[in-house]
$ cat run-v1.cif   # mmCIF, N, CA and C atoms and all ligand atoms
data_final
#
loop_
_atom_site.group_PDB
_atom_site.id
_atom_site.type_symbol
_atom_site.label_atom_id
_atom_site.label_comp_id
_atom_site.auth_asym_id
_atom_site.auth_seq_id
_atom_site.Cartn_x
_atom_site.Cartn_y
_atom_site.Cartn_z
ATOM 1 N N MET A 286 10.187 -35.090 25.582
ATOM 2 C CA MET A 286 9.822 -33.738 25.133
ATOM 3 C C MET A 286 8.729 -33.171 26.013
ATOM 4 N N GLU A 287 9.126 -32.344 26.934
ATOM 5 C CA GLU A 287 8.118 -31.691 27.779
ATOM 6 C C GLU A 287 8.261 -30.175 27.744
ATOM 7 N N ALA A 288 8.543 -29.692 26.540
ATOM 8 C CA ALA A 288 8.679 -28.242 26.371
ATOM 9 C C ALA A 288 7.311 -27.592 26.413
ATOM 10 N N SER A 289 6.793 -27.473 27.589
ATOM 11 C CA SER A 289 5.447 -26.917 27.724
ATOM 12 C C SER A 289 5.444 -25.429 27.361
ATOM 13 N N GLY A 290 4.467 -25.063 26.584
ATOM 14 C CA GLY A 290 4.345 -23.652 26.230
ATOM 15 C C GLY A 290 4.983 -23.334 24.884
ATOM 16 N N SER A 291 6.171 -23.878 24.627
ATOM 17 C CA SER A 291 6.843 -23.524 23.386
ATOM 18 C C SER A 291 6.294 -24.319 22.209
ATOM 19 N N GLN A 292 5.646 -25.453 22.527
ATOM 20 C CA GLN A 292 5.144 -26.294 21.442
ATOM 21 C C GLN A 292 3.745 -25.828 21.009
ATOM 22 N N GLY A 293 3.567 -25.721 19.703
ATOM 23 C CA GLY A 293 2.262 -25.338 19.188
ATOM 24 C C GLY A 293 1.946 -23.871 19.323
ATOM 25 N N THR A 294 2.965 -23.092 19.585
ATOM 26 C CA THR A 294 2.716 -21.646 19.650
ATOM 27 C C THR A 294 3.683 -20.902 18.730
ATOM 28 N N ARG A 295 3.340 -19.709 18.464
ATOM 29 C CA ARG A 295 4.226 -18.815 17.704
ATOM 30 C C ARG A 295 4.039 -17.409 18.261
ATOM 31 N N ASN A 296 4.960 -16.556 17.939
ATOM 32 C CA ASN A 296 4.834 -15.183 18.405
ATOM 33 C C ASN A 296 4.036 -14.372 17.392
ATOM 34 N N CYS A 297 3.060 -13.672 17.909
ATOM 35 C CA CYS A 297 2.212 -12.841 17.055
ATOM 36 C C CYS A 297 3.056 -11.748 16.406
ATOM 37 N N THR A 298 2.895 -11.568 15.093
ATOM 38 C CA THR A 298 3.658 -10.512 14.408
ATOM 39 C C THR A 298 3.085 -9.133 14.715
ATOM 40 N N GLY A 299 1.880 -9.117 15.262
ATOM 41 C CA GLY A 299 1.263 -7.835 15.592
ATOM 42 C C GLY A 299 1.693 -7.312 16.943
ATOM 43 N N CYS A 300 1.685 -8.186 17.986
ATOM 44 C CA CYS A 300 1.967 -7.725 19.344
ATOM 45 C C CYS A 300 3.115 -8.475 20.005
ATOM 46 N N GLY A 301 3.596 -9.568 19.372
ATOM 47 C CA GLY A 301 4.753 -10.275 19.907
ATOM 48 C C GLY A 301 4.451 -11.318 20.968
ATOM 49 N N ARG A 302 3.198 -11.465 21.363
ATOM 50 C CA ARG A 302 2.854 -12.450 22.389
ATOM 51 C C ARG A 302 2.721 -13.831 21.768
ATOM 52 N N ALA A 303 2.915 -14.864 22.607
ATOM 53 C CA ALA A 303 2.786 -16.237 22.135
ATOM 54 C C ALA A 303 1.313 -16.579 21.948
ATOM 55 N N ILE A 304 0.987 -17.029 20.753
ATOM 56 C CA ILE A 304 -0.386 -17.457 20.479
ATOM 57 C C ILE A 304 -0.357 -18.843 19.852
ATOM 58 N N SER A 305 -1.478 -19.498 19.850
ATOM 59 C CA SER A 305 -1.575 -20.845 19.304
ATOM 60 C C SER A 305 -1.331 -20.852 17.790
ATOM 61 N N TRP A 306 -0.666 -21.908 17.316
ATOM 62 C CA TRP A 306 -0.339 -22.023 15.895
ATOM 63 C C TRP A 306 -1.574 -21.982 15.005
ATOM 64 N N ASP A 307 -2.637 -22.615 15.491
ATOM 65 C CA ASP A 307 -3.820 -22.696 14.621
ATOM 66 C C ASP A 307 -4.807 -21.540 14.830
ATOM 67 N N ALA A 308 -4.391 -20.560 15.626
ATOM 68 C CA ALA A 308 -5.279 -19.412 15.813
ATOM 69 C C ALA A 308 -5.327 -18.575 14.536
ATOM 70 N N ASN A 309 -6.529 -18.277 14.081
ATOM 71 C CA ASN A 309 -6.668 -17.458 12.877
ATOM 72 C C ASN A 309 -6.509 -15.978 13.187
ATOM 73 N N VAL A 310 -6.918 -15.618 14.400
ATOM 74 C CA VAL A 310 -6.855 -14.222 14.811
ATOM 75 C C VAL A 310 -6.181 -14.162 16.175
ATOM 76 N N CYS A 311 -5.232 -13.239 16.365
ATOM 77 C CA CYS A 311 -4.569 -13.091 17.658
ATOM 78 C C CYS A 311 -5.577 -12.648 18.711
ATOM 79 N N PRO A 312 -5.665 -13.381 19.833
ATOM 80 C CA PRO A 312 -6.635 -13.005 20.872
ATOM 81 C C PRO A 312 -6.250 -11.732 21.622
ATOM 82 N N TYR A 313 -5.003 -11.309 21.492
ATOM 83 C CA TYR A 313 -4.548 -10.118 22.234
ATOM 84 C C TYR A 313 -4.741 -8.833 21.430
ATOM 85 N N CYS A 314 -4.288 -8.845 20.177
ATOM 86 C CA CYS A 314 -4.336 -7.596 19.404
ATOM 87 C C CYS A 314 -5.267 -7.672 18.195
ATOM 88 N N GLY A 315 -5.762 -8.884 17.892
ATOM 89 C CA GLY A 315 -6.707 -9.006 16.781
ATOM 90 C C GLY A 315 -6.046 -9.130 15.416
ATOM 91 N N HIS A 316 -4.737 -9.343 15.384
ATOM 92 C CA HIS A 316 -4.031 -9.510 14.106
ATOM 93 C C HIS A 316 -4.597 -10.713 13.351
ATOM 94 N N ASP A 317 -5.003 -10.507 12.117
ATOM 95 C CA ASP A 317 -5.677 -11.554 11.348
ATOM 96 C C ASP A 317 -4.692 -12.295 10.457
ATOM 97 N N TYR A 318 -4.512 -13.602 10.724
ATOM 98 C CA TYR A 318 -3.553 -14.393 9.945
ATOM 99 C C TYR A 318 -4.161 -14.985 8.689
ATOM 100 N N ARG A 319 -5.469 -14.990 8.570
ATOM 101 C CA ARG A 319 -6.087 -15.531 7.363
ATOM 102 C C ARG A 319 -5.783 -14.633 6.172
ATOM 103 N N MET A 320 -5.771 -13.314 6.399
ATOM 104 C CA MET A 320 -5.460 -12.361 5.347
ATOM 105 C C MET A 320 -4.060 -12.599 4.807
ATOM 106 N N GLN A 321 -3.117 -12.880 5.713
ATOM 107 C CA GLN A 321 -1.725 -13.096 5.332
ATOM 108 C C GLN A 321 -1.583 -14.326 4.445
ATOM 109 N N MET A 322 -2.367 -15.358 4.743
ATOM 110 C CA MET A 322 -2.264 -16.585 3.962
ATOM 111 C C MET A 322 -2.757 -16.365 2.540
ATOM 112 N N MET A 323 -3.772 -15.520 2.396
ATOM 113 C CA MET A 323 -4.336 -15.276 1.068
ATOM 114 C C MET A 323 -3.419 -14.396 0.226
ATOM 115 N N ALA A 324 -2.825 -13.402 0.823
ATOM 116 C CA ALA A 324 -1.951 -12.481 0.105
ATOM 117 C C ALA A 324 -0.673 -12.280 0.906
ATOM 118 N N PRO A 325 0.285 -13.200 0.762
ATOM 119 C CA PRO A 325 1.483 -13.147 1.595
ATOM 120 C C PRO A 325 2.289 -11.864 1.422
ATOM 121 N N ALA A 326 2.517 -11.159 2.528
ATOM 122 C CA ALA A 326 3.372 -9.971 2.574
ATOM 123 C C ALA A 326 2.987 -8.893 1.574
ATOM 124 N N GLN A 327 1.722 -8.859 1.214
ATOM 125 C CA GLN A 327 1.320 -7.870 0.223
ATOM 126 C C GLN A 327 0.345 -6.830 0.765
ATOM 127 N N GLY A 328 -0.376 -7.186 1.794
ATOM 128 C CA GLY A 328 -1.363 -6.255 2.318
ATOM 129 C C GLY A 328 -2.527 -6.111 1.360
ATOM 130 N N GLY A 329 -3.220 -5.010 1.438
ATOM 131 C CA GLY A 329 -4.416 -4.815 0.626
ATOM 132 C C GLY A 329 -4.126 -4.388 -0.794
ATOM 133 N N LEU A 330 -2.958 -3.822 -1.006
ATOM 134 C CA LEU A 330 -2.665 -3.247 -2.311
ATOM 135 C C LEU A 330 -2.296 -4.304 -3.342
ATOM 136 N N GLY A 331 -1.547 -5.328 -2.932
ATOM 137 C CA GLY A 331 -1.152 -6.396 -3.839
ATOM 138 C C GLY A 331 -0.253 -5.906 -4.949
ATOM 139 N N MET A 332 0.686 -5.024 -4.597
ATOM 140 C CA MET A 332 1.561 -4.447 -5.602
ATOM 141 C C MET A 332 2.983 -4.393 -5.046
ATOM 142 N N SER A 333 3.978 -4.733 -5.861
ATOM 143 C CA SER A 333 5.358 -4.713 -5.380
ATOM 144 C C SER A 333 5.864 -3.278 -5.281
ATOM 145 N N GLU A 334 6.954 -3.086 -4.508
ATOM 146 C CA GLU A 334 7.528 -1.745 -4.353
ATOM 147 C C GLU A 334 7.968 -1.183 -5.710
ATOM 148 N N GLY A 335 8.564 -2.041 -6.537
ATOM 149 C CA GLY A 335 9.028 -1.603 -7.852
ATOM 150 C C GLY A 335 7.883 -1.096 -8.715
ATOM 151 N N MET A 336 6.767 -1.823 -8.667
ATOM 152 C CA MET A 336 5.572 -1.443 -9.428
ATOM 153 C C MET A 336 5.050 -0.089 -8.963
ATOM 154 N N LYS A 337 5.071 0.105 -7.637
ATOM 155 C CA LYS A 337 4.616 1.388 -7.085
ATOM 156 C C LYS A 337 5.470 2.533 -7.607
ATOM 157 N N ILE A 338 6.794 2.324 -7.583
ATOM 158 C CA ILE A 338 7.711 3.385 -8.023
ATOM 159 C C ILE A 338 7.474 3.715 -9.498
ATOM 160 N N ILE A 339 7.261 2.668 -10.314
ATOM 161 C CA ILE A 339 6.992 2.900 -11.737
ATOM 162 C C ILE A 339 5.728 3.742 -11.898
ATOM 163 N N LEU A 340 4.693 3.399 -11.123
ATOM 164 C CA LEU A 340 3.439 4.151 -11.225
ATOM 165 C C LEU A 340 3.594 5.576 -10.693
ATOM 166 N N TYR A 341 4.430 5.750 -9.652
ATOM 167 C CA TYR A 341 4.685 7.111 -9.151
ATOM 168 C C TYR A 341 5.345 7.952 -10.249
ATOM 169 N N LEU A 342 6.344 7.356 -10.916
ATOM 170 C CA LEU A 342 7.051 8.078 -11.980
ATOM 171 C C LEU A 342 6.094 8.402 -13.136
ATOM 172 N N LEU A 343 5.273 7.416 -13.514
ATOM 173 C CA LEU A 343 4.293 7.635 -14.582
ATOM 174 C C LEU A 343 3.331 8.754 -14.196
ATOM 175 N N SER A 344 2.916 8.738 -12.905
ATOM 176 C CA SER A 344 1.982 9.757 -12.421
ATOM 177 C C SER A 344 2.587 11.144 -12.577
ATOM 178 N N PHE A 345 3.866 11.226 -12.325
ATOM 179 C CA PHE A 345 4.546 12.511 -12.355
ATOM 180 C C PHE A 345 4.757 13.003 -13.787
ATOM 181 N N PHE A 346 5.204 12.095 -14.652
ATOM 182 C CA PHE A 346 5.537 12.515 -16.011
ATOM 183 C C PHE A 346 4.321 12.531 -16.940
ATOM 184 N N ILE A 347 3.348 11.688 -16.632
ATOM 185 C CA ILE A 347 2.103 11.686 -17.415
ATOM 186 C C ILE A 347 0.964 11.898 -16.413
ATOM 187 N N PRO A 348 0.709 13.164 -16.066
ATOM 188 C CA PRO A 348 -0.218 13.480 -14.964
ATOM 189 C C PRO A 348 -1.593 12.821 -15.076
ATOM 190 N N ILE A 349 -2.110 12.670 -16.291
ATOM 191 C CA ILE A 349 -3.453 12.084 -16.429
ATOM 192 C C ILE A 349 -3.479 10.661 -15.876
ATOM 193 N N ILE A 350 -2.365 9.919 -16.039
ATOM 194 C CA ILE A 350 -2.280 8.561 -15.485
ATOM 195 C C ILE A 350 -2.318 8.622 -13.961
ATOM 196 N N GLY A 351 -1.562 9.558 -13.386
ATOM 197 C CA GLY A 351 -1.537 9.709 -11.931
ATOM 198 C C GLY A 351 -2.902 10.020 -11.372
ATOM 199 N N ILE A 352 -3.628 10.884 -12.072
ATOM 200 C CA ILE A 352 -4.947 11.291 -11.573
ATOM 201 C C ILE A 352 -5.935 10.123 -11.682
ATOM 202 N N ILE A 353 -5.887 9.401 -12.807
ATOM 203 C CA ILE A 353 -6.805 8.259 -12.975
ATOM 204 C C ILE A 353 -6.464 7.150 -11.966
ATOM 205 N N VAL A 354 -5.175 6.754 -11.917
ATOM 206 C CA VAL A 354 -4.748 5.698 -10.979
ATOM 207 C C VAL A 354 -5.039 6.145 -9.540
ATOM 208 N N GLY A 355 -4.755 7.404 -9.263
ATOM 209 C CA GLY A 355 -4.988 7.958 -7.924
ATOM 210 C C GLY A 355 -6.431 7.844 -7.497
ATOM 211 N N ILE A 356 -7.335 8.202 -8.386
ATOM 212 C CA ILE A 356 -8.767 8.140 -8.048
ATOM 213 C C ILE A 356 -9.200 6.685 -7.849
ATOM 214 N N ILE A 357 -8.709 5.791 -8.744
ATOM 215 C CA ILE A 357 -9.082 4.373 -8.634
ATOM 216 C C ILE A 357 -8.672 3.824 -7.262
ATOM 217 N N TYR A 358 -7.417 4.083 -6.857
ATOM 218 C CA TYR A 358 -6.930 3.516 -5.595
ATOM 219 C C TYR A 358 -7.428 4.274 -4.380
ATOM 220 N N TYR A 359 -7.662 5.564 -4.543
ATOM 221 C CA TYR A 359 -8.100 6.353 -3.392
ATOM 222 C C TYR A 359 -9.505 5.949 -2.938
ATOM 223 N N THR A 360 -10.296 5.412 -3.862
ATOM 224 C CA THR A 360 -11.659 5.014 -3.508
ATOM 225 C C THR A 360 -11.717 3.604 -2.923
ATOM 226 N N LYS A 361 -10.575 2.880 -2.899
ATOM 227 C CA LYS A 361 -10.558 1.532 -2.308
ATOM 228 C C LYS A 361 -10.612 1.623 -0.783
ATOM 229 N N PRO A 362 -11.151 0.582 -0.143
ATOM 230 C CA PRO A 362 -11.381 0.673 1.309
ATOM 231 C C PRO A 362 -10.134 0.566 2.183
ATOM 232 N N ASP A 363 -9.084 -0.132 1.741
ATOM 233 C CA ASP A 363 -7.942 -0.330 2.644
ATOM 234 C C ASP A 363 -6.964 0.839 2.609
ATOM 235 N N ASN A 364 -6.305 1.050 3.737
ATOM 236 C CA ASN A 364 -5.436 2.208 3.921
ATOM 237 C C ASN A 364 -4.257 2.234 2.971
ATOM 238 N N GLU A 365 -3.689 1.051 2.682
ATOM 239 C CA GLU A 365 -2.512 1.016 1.820
ATOM 240 C C GLU A 365 -2.864 1.519 0.415
ATOM 241 N N SER A 366 -3.999 1.081 -0.095
ATOM 242 C CA SER A 366 -4.442 1.534 -1.416
ATOM 243 C C SER A 366 -4.734 3.027 -1.394
ATOM 244 N N LYS A 367 -5.367 3.477 -0.321
ATOM 245 C CA LYS A 367 -5.684 4.900 -0.183
ATOM 246 C C LYS A 367 -4.419 5.753 -0.204
ATOM 247 N N GLU A 368 -3.414 5.316 0.574
ATOM 248 C CA GLU A 368 -2.148 6.057 0.630
ATOM 249 C C GLU A 368 -1.511 6.105 -0.756
ATOM 250 N N PHE A 369 -1.527 4.961 -1.429
ATOM 251 C CA PHE A 369 -0.939 4.873 -2.762
ATOM 252 C C PHE A 369 -1.695 5.788 -3.729
ATOM 253 N N GLY A 370 -3.015 5.746 -3.669
ATOM 254 C CA GLY A 370 -3.843 6.587 -4.533
ATOM 255 C C GLY A 370 -3.581 8.054 -4.289
ATOM 256 N N LYS A 371 -3.441 8.411 -3.010
ATOM 257 C CA LYS A 371 -3.195 9.810 -2.647
ATOM 258 C C LYS A 371 -1.867 10.279 -3.223
ATOM 259 N N MET A 372 -0.828 9.420 -3.094
ATOM 260 C CA MET A 372 0.492 9.766 -3.628
ATOM 261 C C MET A 372 0.424 9.969 -5.142
ATOM 262 N N CYS A 373 -0.273 9.067 -5.845
ATOM 263 C CA CYS A 373 -0.399 9.183 -7.301
ATOM 264 C C CYS A 373 -1.114 10.478 -7.678
ATOM 265 N N LEU A 374 -2.170 10.803 -6.927
ATOM 266 C CA LEU A 374 -2.910 12.037 -7.191
ATOM 267 C C LEU A 374 -2.013 13.256 -6.992
ATOM 268 N N ILE A 375 -1.287 13.270 -5.872
ATOM 269 C CA ILE A 375 -0.403 14.412 -5.575
ATOM 270 C C ILE A 375 0.658 14.544 -6.669
ATOM 271 N N LEU A 376 1.292 13.409 -7.008
ATOM 272 C CA LEU A 376 2.339 13.442 -8.040
ATOM 273 C C LEU A 376 1.752 13.878 -9.383
ATOM 274 N N GLY A 377 0.565 13.391 -9.699
ATOM 275 C CA GLY A 377 -0.098 13.768 -10.948
ATOM 276 C C GLY A 377 -0.358 15.263 -11.006
ATOM 277 N N ILE A 378 -0.856 15.813 -9.879
ATOM 278 C CA ILE A 378 -1.170 17.241 -9.821
ATOM 279 C C ILE A 378 0.116 18.073 -9.891
ATOM 280 N N VAL A 379 1.137 17.628 -9.139
ATOM 281 C CA VAL A 379 2.434 18.342 -9.166
ATOM 282 C C VAL A 379 3.018 18.298 -10.581
ATOM 283 N N GLY A 380 2.982 17.118 -11.202
ATOM 284 C CA GLY A 380 3.501 16.971 -12.564
ATOM 285 C C GLY A 380 2.739 17.852 -13.539
ATOM 286 N N PHE A 381 1.428 17.915 -13.337
ATOM 287 C CA PHE A 381 0.569 18.742 -14.197
ATOM 288 C C PHE A 381 0.916 20.225 -14.049
ATOM 289 N N LEU A 382 1.094 20.674 -12.797
ATOM 290 C CA LEU A 382 1.430 22.080 -12.536
ATOM 291 C C LEU A 382 2.795 22.429 -13.113
ATOM 292 N N ILE A 383 3.763 21.507 -12.948
ATOM 293 C CA ILE A 383 5.103 21.756 -13.490
ATOM 294 C C ILE A 383 5.019 21.850 -15.022
ATOM 295 N N GLY A 384 4.213 20.973 -15.607
ATOM 296 C CA GLY A 384 4.013 21.001 -17.051
ATOM 297 C C GLY A 384 3.417 22.329 -17.496
ATOM 298 N N LEU A 385 2.442 22.821 -16.748
ATOM 299 C CA LEU A 385 1.805 24.108 -17.051
ATOM 300 C C LEU A 385 2.820 25.237 -16.996
ATOM 301 N N VAL A 386 3.604 25.243 -15.898
ATOM 302 C CA VAL A 386 4.617 26.294 -15.713
ATOM 303 C C VAL A 386 5.625 26.249 -16.854
ATOM 304 N N CYS A 387 6.049 25.050 -17.240
ATOM 305 C CA CYS A 387 7.024 24.914 -18.326
ATOM 306 C C CYS A 387 6.440 25.432 -19.634
ATOM 307 N N ASN A 388 5.203 25.084 -19.919
ATOM 308 C CA ASN A 388 4.551 25.558 -21.138
ATOM 309 C C ASN A 388 4.446 27.080 -21.138
ATOM 310 N N PHE A 389 4.101 27.598 -19.972
ATOM 311 C CA PHE A 389 3.927 29.038 -19.814
ATOM 312 C C PHE A 389 5.261 29.742 -20.049
ATOM 313 N N ALA A 390 6.320 29.212 -19.440
ATOM 314 C CA ALA A 390 7.660 29.788 -19.584
ATOM 315 C C ALA A 390 8.091 29.715 -21.042
ATOM 316 N N PHE A 391 7.723 28.646 -21.713
ATOM 317 C CA PHE A 391 8.092 28.457 -23.112
ATOM 318 C C PHE A 391 7.391 29.496 -23.992
ATOM 319 N N LEU A 392 6.155 29.831 -23.650
ATOM 320 C CA LEU A 392 5.389 30.813 -24.423
ATOM 321 C C LEU A 392 5.984 32.206 -24.309
ATOM 322 N N ILE A 393 6.525 32.499 -23.141
ATOM 323 C CA ILE A 393 7.134 33.823 -22.949
ATOM 324 C C ILE A 393 8.501 33.788 -23.630
HETATM 325 ZN ZN ZN A 401 -1.140 -10.078 18.589
#
$ encode --input "run-v1.cif" --output "structure tokens" --more "lines below"
Ligand SMILES: [Zn+2]
Amino acid sequence: MEASGSQGTRNCTGCGRAISWDANVCPYCGHDYRMQMMAPAQGGLGMSEGMKIILYLLSFFIPIIGIIVGIIYYTKPDNESKEFGKMCLILGIVGFLIGLVCNFAFLI
């Protein structure tokens, strides 16, 4: 076995270059593998796609939930949580406005 180079390396998921198996951080692009080990395939949000969709729907139909959840996640430091919080806020506000318009139309 003299497979030099291929042994003990893996391809970085961030930049695709071969890096050492035991490297915690990619020396080329800085991709951090310790984070992945702690929360596999979840990122900073730690929420499944299905859970997100349920919360989006709740945000839309029950605007107060969207606004509360939106503010909670929007204030978190990681981008994924921020994006999720922003979506909940937008859906909450849109749902709230639609609710207002419907109530208004009903009054007339
Ligand atoms: Zn890399």
$ residues_near_ligand --input "run-v1.cif" --ligand "ligand ZN 401 (chain A)" --cutoff "8 Å" --atoms "only N, CA and C atoms and all ligand atoms" --output "number ranges by chain"
A: 296-304, 310-317
$ residues_around --input "run-v1.cif" --residues "region 375-386 of chain A" --least-positions-apart "6" --cutoff "8 Å" --atoms "all atoms listed in the file" --output "number ranges by chain"
A: 341-353, 355, 369, 392
$ atom_distance --input "run-v1.cif" --atom1 "CA of Asp307 (chain A)" --atom2 "atom C of Gly293 (chain A)"
7.5 Å
$ select_by_dssp --input "run-v1.cif" --residues "chain A" --states "strand (DSSP E or B)" --output "number ranges by chain"
A: 294-296, 303-305, 310, 317
$ atom_distance --input "run-v1.cif" --atom1 "CA of Leu374 (chain A)" --atom2 "CA of Tyr359 (chain A)"
8.6 Å
$ closest_residue --input "run-v1.cif" --among "A:Cys387, A:Ile393, A:Met332, A:Leu340" --to "Cys373 (chain A)" --atoms "only N, CA and C atoms"
A:Leu340
$ atom_distance --input "run-v1.cif" --atom1 "CA of Glu334 (chain A)" --atom2 "atom C of Asn309 (chain A)"
26.6 Å
$ build_atoms --input "run-v1.cif" --residues "region 333-341 of chain A" --atoms "all heavy atoms" --output "PDB file, keeping the file's coordinate frame"
ATOM      1  N   SER A 333       3.978  -4.733  -5.861  1.00  0.00           N
ATOM      2  CA  SER A 333       5.358  -4.713  -5.380  1.00  0.00           C
ATOM      3  C   SER A 333       5.864  -3.278  -5.281  1.00  0.00           C
ATOM      4  O   SER A 333       5.311  -2.368  -5.890  1.00  0.00           O
ATOM      5  CB  SER A 333       6.249  -5.519  -6.319  1.00  0.00           C
ATOM      6  OG  SER A 333       6.373  -4.831  -7.544  1.00  0.00           O
ATOM      7  N   GLU A 334       6.954  -3.086  -4.508  1.00  0.00           N
ATOM      8  CA  GLU A 334       7.528  -1.745  -4.353  1.00  0.00           C
ATOM      9  C   GLU A 334       7.968  -1.183  -5.710  1.00  0.00           C
ATOM     10  O   GLU A 334       7.772  -0.019  -5.992  1.00  0.00           O
ATOM     11  CB  GLU A 334       8.722  -1.792  -3.400  1.00  0.00           C
ATOM     12  CG  GLU A 334       8.328  -1.955  -1.936  1.00  0.00           C
ATOM     13  CD  GLU A 334       7.440  -0.821  -1.426  1.00  0.00           C
ATOM     14  OE1 GLU A 334       7.824   0.345  -1.597  1.00  0.00           O
ATOM     15  OE2 GLU A 334       6.371  -1.103  -0.878  1.00  0.00           O
ATOM     16  N   GLY A 335       8.564  -2.041  -6.537  1.00  0.00           N
ATOM     17  CA  GLY A 335       9.028  -1.603  -7.852  1.00  0.00           C
ATOM     18  C   GLY A 335       7.883  -1.096  -8.715  1.00  0.00           C
ATOM     19  O   GLY A 335       7.990  -0.061  -9.371  1.00  0.00           O
ATOM     20  N   MET A 336       6.767  -1.823  -8.667  1.00  0.00           N
ATOM     21  CA  MET A 336       5.572  -1.443  -9.428  1.00  0.00           C
ATOM     22  C   MET A 336       5.050  -0.089  -8.963  1.00  0.00           C
ATOM     23  O   MET A 336       4.650   0.747  -9.768  1.00  0.00           O
ATOM     24  CB  MET A 336       4.513  -2.539  -9.212  1.00  0.00           C
ATOM     25  CG  MET A 336       3.284  -2.393 -10.069  1.00  0.00           C
ATOM     26  SD  MET A 336       3.639  -2.745 -11.803  1.00  0.00           S
ATOM     27  CE  MET A 336       2.159  -2.079 -12.562  1.00  0.00           C
ATOM     28  N   LYS A 337       5.071   0.105  -7.637  1.00  0.00           N
ATOM     29  CA  LYS A 337       4.616   1.388  -7.085  1.00  0.00           C
ATOM     30  C   LYS A 337       5.470   2.533  -7.607  1.00  0.00           C
ATOM     31  O   LYS A 337       4.955   3.571  -8.009  1.00  0.00           O
ATOM     32  CB  LYS A 337       4.737   1.367  -5.549  1.00  0.00           C
ATOM     33  CG  LYS A 337       3.581   0.727  -4.840  1.00  0.00           C
ATOM     34  CD  LYS A 337       3.668   1.134  -3.384  1.00  0.00           C
ATOM     35  CE  LYS A 337       3.136   0.063  -2.479  1.00  0.00           C
ATOM     36  NZ  LYS A 337       3.320   0.397  -1.065  1.00  0.00           N
ATOM     37  N   ILE A 338       6.794   2.324  -7.583  1.00  0.00           N
ATOM     38  CA  ILE A 338       7.711   3.385  -8.023  1.00  0.00           C
ATOM     39  C   ILE A 338       7.474   3.715  -9.498  1.00  0.00           C
ATOM     40  O   ILE A 338       7.429   4.871  -9.882  1.00  0.00           O
ATOM     41  CB  ILE A 338       9.176   2.976  -7.734  1.00  0.00           C
ATOM     42  CG1 ILE A 338       9.406   2.993  -6.215  1.00  0.00           C
ATOM     43  CG2 ILE A 338      10.159   3.907  -8.432  1.00  0.00           C
ATOM     44  CD1 ILE A 338      10.630   2.231  -5.762  1.00  0.00           C
ATOM     45  N   ILE A 339       7.261   2.668 -10.314  1.00  0.00           N
ATOM     46  CA  ILE A 339       6.992   2.900 -11.737  1.00  0.00           C
ATOM     47  C   ILE A 339       5.728   3.742 -11.898  1.00  0.00           C
ATOM     48  O   ILE A 339       5.686   4.700 -12.663  1.00  0.00           O
ATOM     49  CB  ILE A 339       6.871   1.544 -12.488  1.00  0.00           C
ATOM     50  CG1 ILE A 339       8.256   0.898 -12.606  1.00  0.00           C
ATOM     51  CG2 ILE A 339       6.259   1.740 -13.873  1.00  0.00           C
ATOM     52  CD1 ILE A 339       8.231  -0.558 -13.036  1.00  0.00           C
ATOM     53  N   LEU A 340       4.693   3.399 -11.123  1.00  0.00           N
ATOM     54  CA  LEU A 340       3.439   4.151 -11.225  1.00  0.00           C
ATOM     55  C   LEU A 340       3.594   5.576 -10.693  1.00  0.00           C
ATOM     56  O   LEU A 340       2.960   6.497 -11.207  1.00  0.00           O
ATOM     57  CB  LEU A 340       2.306   3.418 -10.506  1.00  0.00           C
ATOM     58  CG  LEU A 340       1.675   2.309 -11.344  1.00  0.00           C
ATOM     59  CD1 LEU A 340       0.801   1.407 -10.497  1.00  0.00           C
ATOM     60  CD2 LEU A 340       0.855   2.861 -12.497  1.00  0.00           C
ATOM     61  N   TYR A 341       4.430   5.750  -9.652  1.00  0.00           N
ATOM     62  CA  TYR A 341       4.685   7.111  -9.151  1.00  0.00           C
ATOM     63  C   TYR A 341       5.345   7.952 -10.249  1.00  0.00           C
ATOM     64  O   TYR A 341       4.970   9.093 -10.484  1.00  0.00           O
ATOM     65  CB  TYR A 341       5.603   7.081  -7.931  1.00  0.00           C
ATOM     66  CG  TYR A 341       4.956   6.596  -6.654  1.00  0.00           C
ATOM     67  CD1 TYR A 341       5.723   6.017  -5.646  1.00  0.00           C
ATOM     68  CD2 TYR A 341       3.588   6.738  -6.450  1.00  0.00           C
ATOM     69  CE1 TYR A 341       5.145   5.579  -4.470  1.00  0.00           C
ATOM     70  CE2 TYR A 341       3.002   6.299  -5.281  1.00  0.00           C
ATOM     71  CZ  TYR A 341       3.778   5.714  -4.286  1.00  0.00           C
ATOM     72  OH  TYR A 341       3.221   5.287  -3.131  1.00  0.00           O
TER      73      TYR A 341
END
